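Here's protein-v7.cif, which has mmCIF, C-alpha atoms:
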data_coords
#
loop_
_atom_site.group_PDB
_atom_site.id
_atom_site.type_symbol
_atom_site.label_atom_id
_atom_site.label_comp_id
_atom_site.auth_asym_id
_atom_site.auth_seq_id
_atom_site.Cartn_x
_atom_site.Cartn_y
_atom_site.Cartn_z
ATOM 1 C CA MET A 1 126.306 -46.589 63.885
ATOM 2 C CA VAL A 2 124.834 -48.728 61.093
ATOM 3 C CA SER A 3 126.815 -48.605 57.839
ATOM 4 C CA SER A 4 125.394 -49.075 54.353
ATOM 5 C CA SER A 5 127.024 -52.515 54.223
ATOM 6 C CA ASP A 6 124.919 -53.600 57.204
ATOM 7 C CA VAL A 7 121.613 -52.835 55.478
ATOM 8 C CA PRO A 8 121.331 -56.089 53.454
ATOM 9 C CA ALA A 9 121.982 -58.126 56.610
ATOM 10 C CA LEU A 10 119.370 -56.094 58.459
ATOM 11 C CA ARG A 11 116.842 -56.751 55.698
ATOM 12 C CA ARG A 12 117.570 -60.471 55.781
ATOM 13 C CA GLY A 13 117.228 -60.499 59.558
ATOM 14 C CA LEU A 14 113.858 -58.765 59.354
ATOM 15 C CA ALA A 15 112.756 -61.240 56.672
ATOM 16 C CA VAL A 16 113.632 -64.109 59.026
ATOM 17 C CA LEU A 17 111.712 -62.465 61.864
ATOM 18 C CA ARG A 18 108.639 -61.877 59.695
ATOM 19 C CA MET A 19 108.705 -65.428 58.400
ATOM 20 C CA ILE A 20 108.794 -66.882 61.932
ATOM 21 C CA ALA A 21 106.068 -64.474 63.093
ATOM 22 C CA ALA A 22 103.786 -65.584 60.253
ATOM 23 C CA ARG A 23 103.965 -69.247 61.279
ATOM 24 C CA PRO A 24 101.568 -70.813 63.826
ATOM 25 C CA GLY A 25 104.505 -72.366 65.721
ATOM 26 C CA PRO A 26 108.309 -72.650 65.860
ATOM 27 C CA VAL A 27 110.191 -73.549 62.667
ATOM 28 C CA SER A 28 113.525 -75.178 61.856
ATOM 29 C CA ALA A 29 116.499 -73.320 60.445
ATOM 30 C CA VAL A 30 116.283 -75.543 57.364
ATOM 31 C CA THR A 31 112.713 -74.338 56.741
ATOM 32 C CA VAL A 32 113.769 -70.702 57.161
ATOM 33 C CA ALA A 33 116.663 -71.119 54.731
ATOM 34 C CA ARG A 34 114.511 -72.903 52.145
ATOM 35 C CA GLU A 35 111.583 -70.466 52.217
ATOM 36 C CA LEU A 36 113.759 -67.343 52.133
ATOM 37 C CA GLY A 37 116.329 -68.713 49.692
ATOM 38 C CA LEU A 38 119.226 -68.143 52.095
ATOM 39 C CA PRO A 39 122.424 -70.194 52.517
ATOM 40 C CA ARG A 40 122.261 -72.353 55.643
ATOM 41 C CA SER A 41 125.354 -70.705 57.122
ATOM 42 C CA THR A 42 123.785 -67.262 56.700
ATOM 43 C CA THR A 43 120.515 -68.470 58.202
ATOM 44 C CA TYR A 44 122.190 -69.873 61.323
ATOM 45 C CA HIS A 45 124.178 -66.657 61.721
ATOM 46 C CA LEU A 46 121.040 -64.503 61.466
ATOM 47 C CA LEU A 47 119.125 -66.723 63.879
ATOM 48 C CA ALA A 48 121.993 -66.561 66.375
ATOM 49 C CA GLU A 49 122.050 -62.762 66.213
ATOM 50 C CA LEU A 50 118.258 -62.550 66.610
ATOM 51 C CA ALA A 51 118.386 -64.969 69.529
ATOM 52 C CA GLU A 52 121.114 -62.957 71.252
ATOM 53 C CA ALA A 53 118.942 -59.834 70.918
ATOM 54 C CA GLY A 54 115.947 -61.716 72.298
ATOM 55 C CA PHE A 55 113.841 -61.550 69.129
ATOM 56 C CA VAL A 56 113.842 -65.313 68.611
ATOM 57 C CA THR A 57 114.156 -68.215 71.019
ATOM 58 C CA HIS A 58 116.049 -71.400 70.194
ATOM 59 C CA LEU A 59 114.293 -74.600 71.267
ATOM 60 C CA PRO A 60 117.202 -77.079 71.266
ATOM 61 C CA GLU A 61 115.138 -80.214 71.961
ATOM 62 C CA GLU A 62 112.922 -79.460 68.972
ATOM 63 C CA ARG A 63 115.705 -77.985 66.822
ATOM 64 C CA ARG A 64 113.381 -75.110 66.046
ATOM 65 C CA TYR A 65 113.128 -71.360 66.517
ATOM 66 C CA GLY A 66 110.199 -69.319 67.808
ATOM 67 C CA LEU A 67 109.561 -65.693 68.668
ATOM 68 C CA GLY A 68 111.402 -64.262 71.656
ATOM 69 C CA VAL A 69 110.459 -61.847 74.428
ATOM 70 C CA SER A 70 111.875 -58.826 72.577
ATOM 71 C CA ALA A 71 109.441 -59.428 69.725
ATOM 72 C CA PHE A 72 106.585 -59.386 72.229
ATOM 73 C CA GLU A 73 107.890 -56.162 73.789
ATOM 74 C CA VAL A 74 108.063 -54.448 70.391
ATOM 75 C CA GLY A 75 104.548 -55.626 69.549
ATOM 76 C CA SER A 76 103.217 -54.364 72.865
ATOM 77 C CA ALA A 77 104.909 -50.994 72.377
ATOM 78 C CA TYR A 78 103.371 -50.761 68.909
ATOM 79 C CA LEU A 79 99.895 -51.165 70.385
ATOM 80 C CA ARG A 80 100.571 -48.578 73.116
ATOM 81 C CA HIS A 81 101.413 -45.996 70.468
ATOM 82 C CA ASP A 82 97.933 -46.278 68.886
ATOM 83 C CA PRO A 83 99.529 -46.456 65.404
ATOM 84 C CA LEU A 84 96.360 -47.009 63.420
ATOM 85 C CA GLU A 85 94.621 -44.042 64.987
ATOM 86 C CA ARG A 86 97.617 -41.736 64.579
ATOM 87 C CA LEU A 87 98.183 -42.731 60.967
ATOM 88 C CA ALA A 88 94.499 -42.612 60.075
ATOM 89 C CA ARG A 89 93.406 -39.322 61.625
ATOM 90 C CA PRO A 90 95.033 -36.832 59.201
ATOM 91 C CA LEU A 91 94.130 -39.044 56.252
ATOM 92 C CA LEU A 92 90.479 -39.293 57.336
ATOM 93 C CA ARG A 93 90.338 -35.557 57.843
ATOM 94 C CA ARG A 94 91.346 -35.043 54.205
ATOM 95 C CA PHE A 95 88.972 -37.776 53.094
ATOM 96 C CA ALA A 96 85.969 -36.321 54.952
ATOM 97 C CA ASP A 97 86.556 -32.875 53.470
ATOM 98 C CA ARG A 98 87.006 -34.290 49.971
ATOM 99 C CA VAL A 99 83.807 -36.368 49.893
ATOM 100 C CA GLY A 100 81.739 -34.168 52.231
ATOM 101 C CA HIS A 101 80.693 -37.099 54.423
ATOM 102 C CA THR A 102 81.604 -38.405 57.852
ATOM 103 C CA ALA A 103 84.653 -40.696 57.719
ATOM 104 C CA HIS A 104 85.345 -43.600 60.058
ATOM 105 C CA LEU A 105 88.153 -46.052 60.695
ATOM 106 C CA GLY A 106 86.727 -49.312 61.997
ATOM 107 C CA VAL A 107 88.412 -52.482 63.225
ATOM 108 C CA LEU A 108 87.072 -55.943 63.908
ATOM 109 C CA HIS A 109 86.681 -56.847 67.581
ATOM 110 C CA GLY A 110 85.353 -60.379 67.707
ATOM 111 C CA ALA A 111 82.038 -60.358 65.863
ATOM 112 C CA GLU A 112 81.703 -56.591 66.251
ATOM 113 C CA THR A 113 82.974 -53.527 64.447
ATOM 114 C CA LEU A 114 84.666 -51.005 66.726
ATOM 115 C CA TYR A 115 84.996 -47.421 65.500
ATOM 116 C CA VAL A 116 88.383 -46.030 66.565
ATOM 117 C CA VAL A 117 88.554 -42.770 64.545
ATOM 118 C CA ARG A 118 85.852 -40.435 63.277
ATOM 119 C CA GLU A 119 86.375 -37.272 61.267
ATOM 120 C CA GLN A 120 83.618 -34.883 60.219
ATOM 121 C CA PRO A 121 83.516 -32.759 57.067
ATOM 122 C CA THR A 122 83.282 -28.975 57.268
ATOM 123 C CA HIS A 123 79.489 -29.226 57.436
ATOM 124 C CA PRO A 124 78.876 -32.326 59.555
ATOM 125 C CA GLN A 125 75.794 -34.506 59.643
ATOM 126 C CA SER A 126 74.310 -35.936 62.829
ATOM 127 C CA LEU A 127 75.332 -39.572 63.365
ATOM 128 C CA VAL A 128 75.168 -42.172 66.108
ATOM 129 C CA THR A 129 78.463 -43.831 65.149
ATOM 130 C CA SER A 130 80.974 -42.137 67.438
ATOM 131 C CA VAL A 131 84.447 -43.339 68.433
ATOM 132 C CA GLY A 132 84.143 -46.350 70.721
ATOM 133 C CA VAL A 133 80.782 -47.450 69.317
ATOM 134 C CA ARG A 134 80.516 -51.185 68.664
ATOM 135 C CA LEU A 135 78.153 -52.617 66.070
ATOM 136 C CA PRO A 136 77.404 -56.163 64.882
ATOM 137 C CA ALA A 137 80.083 -56.638 62.220
ATOM 138 C CA GLN A 138 77.705 -58.020 59.579
ATOM 139 C CA LEU A 139 75.666 -54.797 59.447
ATOM 140 C CA PRO A 140 77.976 -51.791 58.817
ATOM 141 C CA ALA A 141 79.870 -51.603 55.542
ATOM 142 C CA SER A 142 83.140 -51.209 57.450
ATOM 143 C CA GLY A 143 82.586 -54.524 59.223
ATOM 144 C CA ARG A 144 81.759 -56.424 56.063
ATOM 145 C CA ALA A 145 84.673 -54.832 54.169
ATOM 146 C CA ILE A 146 86.923 -56.654 56.657
ATOM 147 C CA LEU A 147 84.864 -59.856 56.892
ATOM 148 C CA ALA A 148 84.880 -60.244 53.100
ATOM 149 C CA HIS A 149 88.621 -60.955 53.178
ATOM 150 C CA LEU A 150 88.670 -63.424 56.083
ATOM 151 C CA PRO A 151 88.802 -67.228 55.668
ATOM 152 C CA ALA A 152 85.436 -69.003 55.522
ATOM 153 C CA ALA A 153 86.254 -70.953 58.702
ATOM 154 C CA GLN A 154 86.802 -67.712 60.616
ATOM 155 C CA ILE A 155 83.481 -66.316 59.419
ATOM 156 C CA ARG A 156 81.753 -69.501 60.543
ATOM 157 C CA ALA A 157 83.420 -69.244 63.967
ATOM 158 C CA LEU A 158 82.317 -65.612 64.372
ATOM 159 C CA PHE A 159 78.722 -66.330 63.305
ATOM 160 C CA PRO A 160 77.945 -69.907 64.382
ATOM 161 C CA GLY A 161 74.133 -69.635 64.371
ATOM 162 C CA LYS A 162 71.101 -67.441 63.767
ATOM 163 C CA ASP A 163 71.427 -66.015 67.274
ATOM 164 C CA SER A 164 74.645 -64.362 66.063
ATOM 165 C CA PHE A 165 72.726 -62.123 63.658
ATOM 166 C CA VAL A 166 71.388 -58.939 65.225
ATOM 167 C CA ASN A 167 68.522 -57.164 63.460
ATOM 168 C CA ARG A 168 68.375 -53.380 63.962
ATOM 169 C CA THR A 169 66.193 -52.061 61.134
ATOM 170 C CA GLY A 170 64.850 -55.132 59.358
ATOM 171 C CA ARG A 171 67.641 -55.014 56.757
ATOM 172 C CA GLY A 172 70.877 -56.903 56.371
ATOM 173 C CA PRO A 173 71.893 -60.592 56.347
ATOM 174 C CA ARG A 174 69.911 -62.767 58.767
ATOM 175 C CA ASP A 175 71.930 -65.988 58.650
ATOM 176 C CA LEU A 176 75.311 -67.394 57.609
ATOM 177 C CA PRO A 177 74.376 -68.360 54.016
ATOM 178 C CA ALA A 178 72.984 -64.856 53.389
ATOM 179 C CA LEU A 179 76.095 -63.263 54.900
ATOM 180 C CA ARG A 180 78.360 -65.412 52.742
ATOM 181 C CA ARG A 181 76.509 -64.362 49.589
ATOM 182 C CA VAL A 182 76.835 -60.685 50.497
ATOM 183 C CA LEU A 183 80.532 -61.025 51.383
ATOM 184 C CA SER A 184 81.263 -62.876 48.155
ATOM 185 C CA ALA A 185 79.614 -60.148 46.070
ATOM 186 C CA GLU A 186 81.402 -57.366 47.958
ATOM 187 C CA ARG A 187 84.764 -59.097 47.722
ATOM 188 C CA ARG A 188 84.383 -59.352 43.934
ATOM 189 C CA ARG A 189 83.216 -55.736 43.679
ATOM 190 C CA GLY A 190 86.025 -54.414 45.895
ATOM 191 C CA TRP A 191 83.955 -52.424 48.391
ATOM 192 C CA ALA A 192 81.084 -52.904 50.831
ATOM 193 C CA VAL A 193 77.859 -50.914 51.102
ATOM 194 C CA GLU A 194 75.239 -50.570 53.809
ATOM 195 C CA ASP A 195 71.849 -48.978 53.209
ATOM 196 C CA GLY A 196 69.896 -48.413 56.392
ATOM 197 C CA TYR A 197 71.175 -51.583 58.099
ATOM 198 C CA VAL A 198 72.487 -49.670 61.127
ATOM 199 C CA THR A 199 70.354 -46.511 61.226
ATOM 200 C CA GLU A 200 67.363 -45.708 59.059
ATOM 201 C CA GLY A 201 68.053 -42.822 56.682
ATOM 202 C CA PHE A 202 71.823 -43.377 56.547
ATOM 203 C CA ALA A 203 74.037 -45.393 54.210
ATOM 204 C CA SER A 204 77.770 -46.052 54.040
ATOM 205 C CA VAL A 205 80.494 -47.260 51.700
ATOM 206 C CA ALA A 206 83.681 -48.934 52.980
ATOM 207 C CA ALA A 207 86.918 -50.482 51.761
ATOM 208 C CA PRO A 208 89.487 -52.591 53.641
ATOM 209 C CA VAL A 209 92.961 -51.681 54.846
ATOM 210 C CA PHE A 210 95.543 -54.486 54.585
ATOM 211 C CA ASP A 211 98.737 -55.317 56.482
ATOM 212 C CA HIS A 212 102.018 -56.554 54.958
ATOM 213 C CA GLY A 213 100.576 -60.063 54.650
ATOM 214 C CA HIS A 214 97.502 -58.763 52.792
ATOM 215 C CA ARG A 215 95.327 -59.457 55.830
ATOM 216 C CA PRO A 216 92.463 -57.006 56.510
ATOM 217 C CA ILE A 217 93.192 -55.050 59.674
ATOM 218 C CA ALA A 218 90.719 -52.152 59.389
ATOM 219 C CA ALA A 219 88.293 -50.421 57.049
ATOM 220 C CA ILE A 220 87.710 -46.835 55.974
ATOM 221 C CA SER A 221 84.105 -45.803 55.440
ATOM 222 C CA ALA A 222 82.041 -42.787 54.429
ATOM 223 C CA THR A 223 78.579 -42.415 55.970
ATOM 224 C CA PHE A 224 75.891 -40.134 54.571
ATOM 225 C CA ARG A 225 72.157 -39.477 54.516
ATOM 226 C CA HIS A 226 70.180 -41.732 52.188
ATOM 227 C CA SER A 227 66.692 -43.146 52.361
ATOM 228 C CA CYS A 228 64.870 -45.617 50.112
ATOM 229 C CA ASP A 229 62.000 -48.018 50.601
ATOM 230 C CA PRO A 230 62.383 -50.762 49.599
ATOM 231 C CA GLU A 231 66.164 -51.036 49.529
ATOM 232 C CA CYS A 232 67.263 -49.734 46.124
ATOM 233 C CA GLY A 233 70.492 -51.695 45.662
ATOM 234 C CA GLU A 234 72.631 -48.612 44.990
ATOM 235 C CA THR A 235 76.397 -49.260 45.305
ATOM 236 C CA TRP A 236 77.731 -45.669 44.906
ATOM 237 C CA PRO A 237 80.709 -46.472 42.614
ATOM 238 C CA ASP A 238 81.890 -42.846 42.358
ATOM 239 C CA LEU A 239 82.123 -42.501 46.129
ATOM 240 C CA ALA A 240 83.604 -45.997 46.349
ATOM 241 C CA ALA A 241 86.455 -44.912 44.053
ATOM 242 C CA GLU A 242 87.429 -42.271 46.620
ATOM 243 C CA VAL A 243 87.044 -44.694 49.526
ATOM 244 C CA LEU A 244 89.243 -47.236 47.753
ATOM 245 C CA ARG A 245 91.883 -44.598 47.031
ATOM 246 C CA PHE A 246 92.131 -43.506 50.648
ATOM 247 C CA ALA A 247 92.014 -47.116 51.913
ATOM 248 C CA ALA A 248 94.942 -47.892 49.603
ATOM 249 C CA GLU A 249 96.827 -44.897 51.002
ATOM 250 C CA MET A 250 96.165 -46.121 54.533
ATOM 251 C CA THR A 251 97.391 -49.585 53.543
ATOM 252 C CA THR A 252 100.635 -48.003 52.326
ATOM 253 C CA ARG A 253 100.938 -46.010 55.559
ATOM 254 C CA VAL A 254 100.825 -49.171 57.701
ATOM 255 C CA GLY A 255 103.304 -50.973 55.447
ATOM 256 C CA GLY A 256 100.701 -53.218 53.855
ATOM 257 C CA ASN A 257 100.043 -54.362 50.334
#

Once you've parsed the file, please lay out its structure as structure tokens.
Amino acid sequence: MVSSSDVPALRRGLAVLRMIAARPGPVSAVTVARELGLPRSTTYHLLAELAEAGFVTHLPEERRYGLGVSAFEVGSAYLRHDPLERLARPLLRRFADRVGHTAHLGVLHGAETLYVVREQPTHPQSLVTSVGVRLPAQLPASGRAILAHLPAAQIRALFPGKDSFVNRTGRGPRDLPALRRVLSAERRRGWAVEDGYVTEGFASVAAPVFDHGHRPIAAISATFRHSCDPECGETWPDLAAEVLRFAAEMTTRVGGN
């Protein structure tokens, strides 16, 4: 049984584990102590306990610590539980009924957006974007809501040339410079919009969901009927306010900030 006196130690142990997990490779105990502001004796004690439980591995030749097998097992179990889908579904159901539009949760899968949850309002509209549908990430608002918060080098790796840019309706960014301009504007604005880029006669508004390291892990979007020719440049700020509110709630649900 864990007592209240054990809680601070547990929190420090989790902080150590998170710090190691956030690094690209193993780290020294001195680095852990310095970055977390812990006494060296406390740091070595925490690392020893985590190593005994299998959450970290000591590399004696390098005098460093990396993640252990138990950390991998917990991560794998997390994925098996479909946490994003389970956390998002009731929230999206409320969101769809509130705004009267179809709600999606999308994630980035390479250079594509994968829709993992869809919830319809009481009076649904016909859409092609069902669960499991993959779309070029630069076209739907949900894809760009995530891309807008990724490092420039990662964007360049995902879209290395003009062949990376799929054209479905004649709208949307056609090359990397155009995509960067759109992402920059949407990052400053706080939400992404798509007006007929995926399907003619439909538009969408999306906002990102962040993890505990403020990395974008998903996006919530609302899709609705809208048609204009030429593209009118509407950004739907009133709807975006609702999307942002529910995206923030989803961020809280996954322990993000």

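For the set A:Leu108, A:Val30, A:Leu50, A:Val209, the residue with the smallest atom-to-atom gap to Ala15 (chain A) is A:Leu50, counting only C-alpha atoms.
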
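One distance worth recording is that between CA of Leu91 (chain A) and CA of Met250 (chain A), which is 7.6 Å.
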
(message) If I take CA of Tyr197 (chain A) and CA of Arg98 (chain A), how far is one from the other in Å, to one decimal?
(response) 24.8 Å

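The nearest approach to Val99 (chain A) among the residues A:Pro121, A:Pro208, A:Pro39, A:Gly233, with all atoms listed in the file taken into account, belongs to A:Pro121.
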
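Distance-wise, CA of Ala53 (chain A) and CA of Ser70 (chain A) end up 7.3 Å apart.
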
Determine, for each residue of region 77-192 of chain A having at least one atom at most 9 Å from an atom of region 244-248 of chain A, the closest pair of atoms and their separation in Å to one decimal, counting only C-alpha atoms; order by chain and ascending number, as a Markdown table.
| residue | atom | partner | partner_atom | distance |
| --- | --- | --- | --- | --- |
| A:Leu91 | CA | A:Phe246 | CA | 7.4 |
| A:Leu92 | CA | A:Phe246 | CA | 8.1 |
| A:Phe95 | CA | A:Phe246 | CA | 7.0 |
| A:Gly190 | CA | A:Leu244 | CA | 8.1 |
| A:Trp191 | CA | A:Leu244 | CA | 7.4 |

(message) For the PyMOL selection byres ((chain A and resi 33) around 12), applied here, can you spell out every residue it catches as JSON, numbers by chain?
(response) {"A": [12, 13, 15, 16, 19, 20, 27, 28, 29, 30, 31, 32, 34, 35, 36, 37, 38, 39, 40, 41, 42, 43, 44, 45, 46, 47]}

Only C-alpha atoms, please: the residues just picked out, written as a PDB file, in the coordinates of the input.
ATOM      1  CA  ARG A  12     117.570 -60.471  55.781  1.00  0.00           C
ATOM      2  CA  GLY A  13     117.228 -60.499  59.558  1.00  0.00           C
ATOM      3  CA  ALA A  15     112.756 -61.240  56.672  1.00  0.00           C
ATOM      4  CA  VAL A  16     113.632 -64.109  59.026  1.00  0.00           C
ATOM      5  CA  MET A  19     108.705 -65.428  58.400  1.00  0.00           C
ATOM      6  CA  ILE A  20     108.794 -66.882  61.932  1.00  0.00           C
ATOM      7  CA  VAL A  27     110.191 -73.549  62.667  1.00  0.00           C
ATOM      8  CA  SER A  28     113.525 -75.178  61.856  1.00  0.00           C
ATOM      9  CA  ALA A  29     116.499 -73.320  60.445  1.00  0.00           C
ATOM     10  CA  VAL A  30     116.283 -75.543  57.364  1.00  0.00           C
ATOM     11  CA  THR A  31     112.713 -74.338  56.741  1.00  0.00           C
ATOM     12  CA  VAL A  32     113.769 -70.702  57.161  1.00  0.00           C
ATOM     13  CA  ARG A  34     114.511 -72.903  52.145  1.00  0.00           C
ATOM     14  CA  GLU A  35     111.583 -70.466  52.217  1.00  0.00           C
ATOM     15  CA  LEU A  36     113.759 -67.343  52.133  1.00  0.00           C
ATOM     16  CA  GLY A  37     116.329 -68.713  49.692  1.00  0.00           C
ATOM     17  CA  LEU A  38     119.226 -68.143  52.095  1.00  0.00           C
ATOM     18  CA  PRO A  39     122.424 -70.194  52.517  1.00  0.00           C
ATOM     19  CA  ARG A  40     122.261 -72.353  55.643  1.00  0.00           C
ATOM     20  CA  SER A  41     125.354 -70.705  57.122  1.00  0.00           C
ATOM     21  CA  THR A  42     123.785 -67.262  56.700  1.00  0.00           C
ATOM     22  CA  THR A  43     120.515 -68.470  58.202  1.00  0.00           C
ATOM     23  CA  TYR A  44     122.190 -69.873  61.323  1.00  0.00           C
ATOM     24  CA  HIS A  45     124.178 -66.657  61.721  1.00  0.00           C
ATOM     25  CA  LEU A  46     121.040 -64.503  61.466  1.00  0.00           C
ATOM     26  CA  LEU A  47     119.125 -66.723  63.879  1.00  0.00           C
TER      27      LEU A  47
END

(request) For the structure provided, state which residues fall under the PyMOL selection byres ((chain A and resi 186) around 10), and present them as a PyMOL selection string. (result) chain A and resi 141+144-145+147-149+180-185+187-193+207+235

Go ahead and save the picked residues with C-alpha atoms, as a compact mmCIF listing (two decimals), keeping the file's coordinate frame.
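Listed below is the output, result10.txt:
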# COMPACT_ATOMS: atom_id res chain seq x y z
CA ALA A 141 79.87 -51.60 55.54
CA ARG A 144 81.76 -56.42 56.06
CA ALA A 145 84.67 -54.83 54.17
CA LEU A 147 84.86 -59.86 56.89
CA ALA A 148 84.88 -60.24 53.10
CA HIS A 149 88.62 -60.96 53.18
CA ARG A 180 78.36 -65.41 52.74
CA ARG A 181 76.51 -64.36 49.59
CA VAL A 182 76.83 -60.68 50.50
CA LEU A 183 80.53 -61.02 51.38
CA SER A 184 81.26 -62.88 48.16
CA ALA A 185 79.61 -60.15 46.07
CA ARG A 187 84.76 -59.10 47.72
CA ARG A 188 84.38 -59.35 43.93
CA ARG A 189 83.22 -55.74 43.68
CA GLY A 190 86.02 -54.41 45.90
CA TRP A 191 83.96 -52.42 48.39
CA ALA A 192 81.08 -52.90 50.83
CA VAL A 193 77.86 -50.91 51.10
CA ALA A 207 86.92 -50.48 51.76
CA THR A 235 76.40 -49.26 45.30

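Proximity of A:Ala157, A:Cys232, A:His123, A:Val133 to Arg171 (chain A), computed with all atoms listed in the file, is greatest for A:Cys232.
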
With 4 Å added on each side, what axis-aligned box encloses every listed atom of region 62-70 of chain A? Give the centre and edge lengths in Å to one decimal, as AutoDock Vina command-line options.
--center_x 112.6 --center_y -69.1 --center_z 70.2 --size_x 14.1 --size_y 28.6 --size_z 16.4

On this structure, which residues satisfy the PyMOL selection byres ((chain A and resi 71) around 10), written as a tab-separated table (two decimals) with C-alpha atoms, keeping the file's coordinate frame?
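Heads up, here's the output in expr_24.tsv:
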chain	number	residue	atom	x	y	z
A	17	LEU	CA	111.71	-62.46	61.86
A	21	ALA	CA	106.07	-64.47	63.09
A	50	LEU	CA	118.26	-62.55	66.61
A	53	ALA	CA	118.94	-59.83	70.92
A	54	GLY	CA	115.95	-61.72	72.30
A	55	PHE	CA	113.84	-61.55	69.13
A	56	VAL	CA	113.84	-65.31	68.61
A	67	LEU	CA	109.56	-65.69	68.67
A	68	GLY	CA	111.40	-64.26	71.66
A	69	VAL	CA	110.46	-61.85	74.43
A	70	SER	CA	111.88	-58.83	72.58
A	72	PHE	CA	106.58	-59.39	72.23
A	73	GLU	CA	107.89	-56.16	73.79
A	74	VAL	CA	108.06	-54.45	70.39
A	75	GLY	CA	104.55	-55.63	69.55
A	76	SER	CA	103.22	-54.36	72.86
A	77	ALA	CA	104.91	-50.99	72.38

Selection: 7 Å around region 224-228 of chain A, only C-alpha atoms, excl. self and same-chain fewer than 3 positions, as a PDB file with C-alpha atoms, keeping the file's coordinate frame:
ATOM      1  CA  HIS A 101      80.693 -37.099  54.423  1.00  0.00           C
ATOM      2  CA  THR A 102      81.604 -38.405  57.852  1.00  0.00           C
ATOM      3  CA  GLY A 201      68.053 -42.822  56.682  1.00  0.00           C
ATOM      4  CA  PHE A 202      71.823 -43.377  56.547  1.00  0.00           C
ATOM      5  CA  ALA A 203      74.037 -45.393  54.210  1.00  0.00           C
ATOM      6  CA  SER A 204      77.770 -46.052  54.040  1.00  0.00           C
ATOM      7  CA  GLU A 231      66.164 -51.036  49.529  1.00  0.00           C
ATOM      8  CA  CYS A 232      67.263 -49.734  46.124  1.00  0.00           C
TER       9      CYS A 232
END

(request) Find the residues around Tyr65 (chain A) up to 6 Å (only C-alpha atoms counted), leave out those fewer than 4 positions away in its own chain, and share them as a list in words. (result) Pro26, Val27, Thr57, His58 and Leu59 of chain A

(request) Would you please work out which residue, of A:Gly25, A:Val205, A:Ile217, A:His109, is nearest to Leu239 (chain A) when using only C-alpha atoms? (result) A:Val205

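Distances to Val243 (chain A) were evaluated for A:Leu84, A:Leu139, A:Ala152, A:Leu105 using all atoms listed in the file, and the minimum falls at A:Leu105.
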
(message) With only C-alpha atoms as the counted atoms, please give the residues lying no more than 9 Å from Thr113 (chain A), apart from itself and same-chain residues fewer than 2 positions off, as a VMD selection string.
(response) chain A and resid 106 to 111 115 133 to 140 142 to 144
